[in-house]
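Below: the structure, in structure tokens.
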Amino acid sequence: MASPEQGQLVAPIEREQLSYEKADPLSMQIANFCGVIRGTADPVVSGREGLKTLSVIDAIKRAAETGDLVSI
């Protein structure tokens, strides 16, 4: 990697191929939800994280409707 003195400020981009399981996201979410209800699985996303996400979505909607900055 070049040093900043040589005019290069970032490292070269590296590429890595990751494997994943092709599945319907909604089906996976429902299966996890059922497992949580049965007590056989932990939630993928906590209630607190879900609430934070909803707060962000609400702020985005309000900002889009009003054109104003919205604090979260």
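Each chain in the structure tokens gets a letter, A, B, ..., in the order shown, and its residues are numbered from 1; ligands are numbered from 1 in order too.
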Using DSSP on the backbone coordinates, identify all residues within region 9-51 of chain A classified as helix (DSSP H, G or I); present the result as a PyMOL selection string. chain A and resi 25-38+47-51
Restricting the output to N, CA, C and O atoms, write the selected residues as an mmCIF file, in the first residue's frame.
data_model
loop_
_atom_site.group_PDB
_atom_site.id
_atom_site.type_symbol
_atom_site.label_atom_id
_atom_site.label_comp_id
_atom_site.auth_asym_id
_atom_site.auth_seq_id
_atom_site.Cartn_x
_atom_site.Cartn_y
_atom_site.Cartn_z
ATOM 1 N N PRO A 25 -37.081 -14.106 1.825
ATOM 2 C CA PRO A 25 -36.860 -13.404 3.100
ATOM 3 C C PRO A 25 -38.089 -13.396 4.010
ATOM 4 O O PRO A 25 -37.958 -13.549 5.222
ATOM 5 N N LEU A 26 -39.285 -13.244 3.435
ATOM 6 C CA LEU A 26 -40.486 -13.221 4.266
ATOM 7 C C LEU A 26 -40.714 -14.582 4.917
ATOM 8 O O LEU A 26 -41.052 -14.667 6.102
ATOM 9 N N SER A 27 -40.492 -15.655 4.165
ATOM 10 C CA SER A 27 -40.643 -17.002 4.731
ATOM 11 C C SER A 27 -39.654 -17.227 5.875
ATOM 12 O O SER A 27 -40.005 -17.809 6.907
ATOM 13 N N MET A 28 -38.426 -16.748 5.691
ATOM 14 C CA MET A 28 -37.419 -16.889 6.745
ATOM 15 C C MET A 28 -37.814 -16.093 7.990
ATOM 16 O O MET A 28 -37.651 -16.554 9.119
ATOM 17 N N GLN A 29 -38.366 -14.898 7.788
ATOM 18 C CA GLN A 29 -38.782 -14.063 8.905
ATOM 19 C C GLN A 29 -39.943 -14.718 9.658
ATOM 20 O O GLN A 29 -39.957 -14.738 10.899
ATOM 21 N N ILE A 30 -40.899 -15.262 8.934
ATOM 22 C CA ILE A 30 -42.043 -15.928 9.567
ATOM 23 C C ILE A 30 -41.577 -17.171 10.330
ATOM 24 O O ILE A 30 -42.027 -17.426 11.450
ATOM 25 N N ALA A 31 -40.661 -17.933 9.742
ATOM 26 C CA ALA A 31 -40.136 -19.129 10.418
ATOM 27 C C ALA A 31 -39.433 -18.742 11.709
ATOM 28 O O ALA A 31 -39.602 -19.405 12.748
ATOM 29 N N ASN A 32 -38.654 -17.669 11.681
ATOM 30 C CA ASN A 32 -37.975 -17.215 12.891
ATOM 31 C C ASN A 32 -38.993 -16.764 13.936
ATOM 32 O O ASN A 32 -38.873 -17.099 15.116
ATOM 33 N N PHE A 33 -39.997 -16.027 13.515
ATOM 34 C CA PHE A 33 -41.037 -15.550 14.423
ATOM 35 C C PHE A 33 -41.724 -16.734 15.112
ATOM 36 O O PHE A 33 -41.930 -16.728 16.328
ATOM 37 N N CYS A 34 -42.063 -17.761 14.332
ATOM 38 C CA CYS A 34 -42.698 -18.952 14.903
ATOM 39 C C CYS A 34 -41.771 -19.637 15.900
ATOM 40 O O CYS A 34 -42.212 -20.082 16.969
ATOM 41 N N GLY A 35 -40.494 -19.713 15.574
ATOM 42 C CA GLY A 35 -39.526 -20.305 16.493
ATOM 43 C C GLY A 35 -39.405 -19.514 17.784
ATOM 44 O O GLY A 35 -39.273 -20.090 18.873
ATOM 45 N N VAL A 36 -39.460 -18.211 17.690
ATOM 46 C CA VAL A 36 -39.408 -17.364 18.894
ATOM 47 C C VAL A 36 -40.625 -17.631 19.766
ATOM 48 O O VAL A 36 -40.520 -17.785 20.988
ATOM 49 N N ILE A 37 -41.798 -17.717 19.145
ATOM 50 C CA ILE A 37 -43.029 -17.985 19.904
ATOM 51 C C ILE A 37 -42.950 -19.342 20.593
ATOM 52 O O ILE A 37 -43.346 -19.497 21.751
ATOM 53 N N ARG A 38 -42.403 -20.334 19.895
ATOM 54 C CA ARG A 38 -42.276 -21.686 20.468
ATOM 55 C C ARG A 38 -41.166 -21.770 21.521
ATOM 56 O O ARG A 38 -41.074 -22.753 22.247
ATOM 57 N N GLY A 47 -36.624 -6.240 19.822
ATOM 58 C CA GLY A 47 -37.694 -5.259 19.833
ATOM 59 C C GLY A 47 -37.154 -3.834 19.834
ATOM 60 O O GLY A 47 -37.694 -2.947 19.176
ATOM 61 N N ARG A 48 -36.061 -3.627 20.564
ATOM 62 C CA ARG A 48 -35.442 -2.286 20.608
ATOM 63 C C ARG A 48 -34.933 -1.872 19.226
ATOM 64 O O ARG A 48 -35.123 -0.736 18.810
ATOM 65 N N GLU A 49 -34.285 -2.798 18.528
ATOM 66 C CA GLU A 49 -33.793 -2.484 17.183
ATOM 67 C C GLU A 49 -34.946 -2.216 16.231
ATOM 68 O O GLU A 49 -34.882 -1.336 15.390
ATOM 69 N N GLY A 50 -36.012 -2.995 16.355
ATOM 70 C CA GLY A 50 -37.189 -2.778 15.522
ATOM 71 C C GLY A 50 -37.798 -1.402 15.756
ATOM 72 O O GLY A 50 -38.186 -0.710 14.813
ATOM 73 N N LEU A 51 -37.857 -0.992 17.032
ATOM 74 C CA LEU A 51 -38.401 0.325 17.356
ATOM 75 C C LEU A 51 -37.516 1.444 16.803
ATOM 76 O O LEU A 51 -38.021 2.438 16.273
#
What does the distance between CA of Asp24 (chain A) and CA of Ala59 (chain A) come to in Å, to one decimal place? 28.4 Å
Please list as a short mmCIF file (atom, residue, chain, number, x, y, z; two decimals) with all heavy atoms, in the first residue's frame every residue within 10 Å of Asp58 (chain A), counting only C-alpha atoms and excluding residues in the same chain fewer than 6 positions away.
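This went into part.cif:
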data_model
loop_
_atom_site.label_atom_id
_atom_site.label_comp_id
_atom_site.auth_asym_id
_atom_site.auth_seq_id
_atom_site.Cartn_x
_atom_site.Cartn_y
_atom_site.Cartn_z
N LYS A 52 -36.20 1.26 16.88
CA LYS A 52 -35.28 2.25 16.31
C LYS A 52 -35.50 2.37 14.80
O LYS A 52 -35.51 3.48 14.25
CB LYS A 52 -33.83 1.86 16.59
CG LYS A 52 -33.40 2.04 18.02
CD LYS A 52 -31.96 1.58 18.17
CE LYS A 52 -31.50 1.57 19.60
NZ LYS A 52 -30.12 1.08 19.75
N ALA A 64 -39.86 13.78 4.15
CA ALA A 64 -40.29 13.78 2.75
C ALA A 64 -41.58 14.58 2.57
O ALA A 64 -41.74 15.29 1.58
CB ALA A 64 -40.49 12.35 2.26
N VAL A 70 -35.67 16.43 10.23
CA VAL A 70 -36.39 15.79 11.34
C VAL A 70 -35.36 15.15 12.25
O VAL A 70 -34.54 14.34 11.81
CB VAL A 70 -37.38 14.73 10.82
CG1 VAL A 70 -38.07 14.03 11.97
CG2 VAL A 70 -38.39 15.36 9.88
N ILE A 72 -34.14 12.70 15.26
CA ILE A 72 -34.53 11.40 15.80
C ILE A 72 -34.03 11.31 17.23
O ILE A 72 -32.94 11.58 17.55
CB ILE A 72 -33.94 10.24 14.97
CG1 ILE A 72 -34.44 10.34 13.55
CG2 ILE A 72 -34.29 8.92 15.59
CD1 ILE A 72 -33.84 9.31 12.61
#
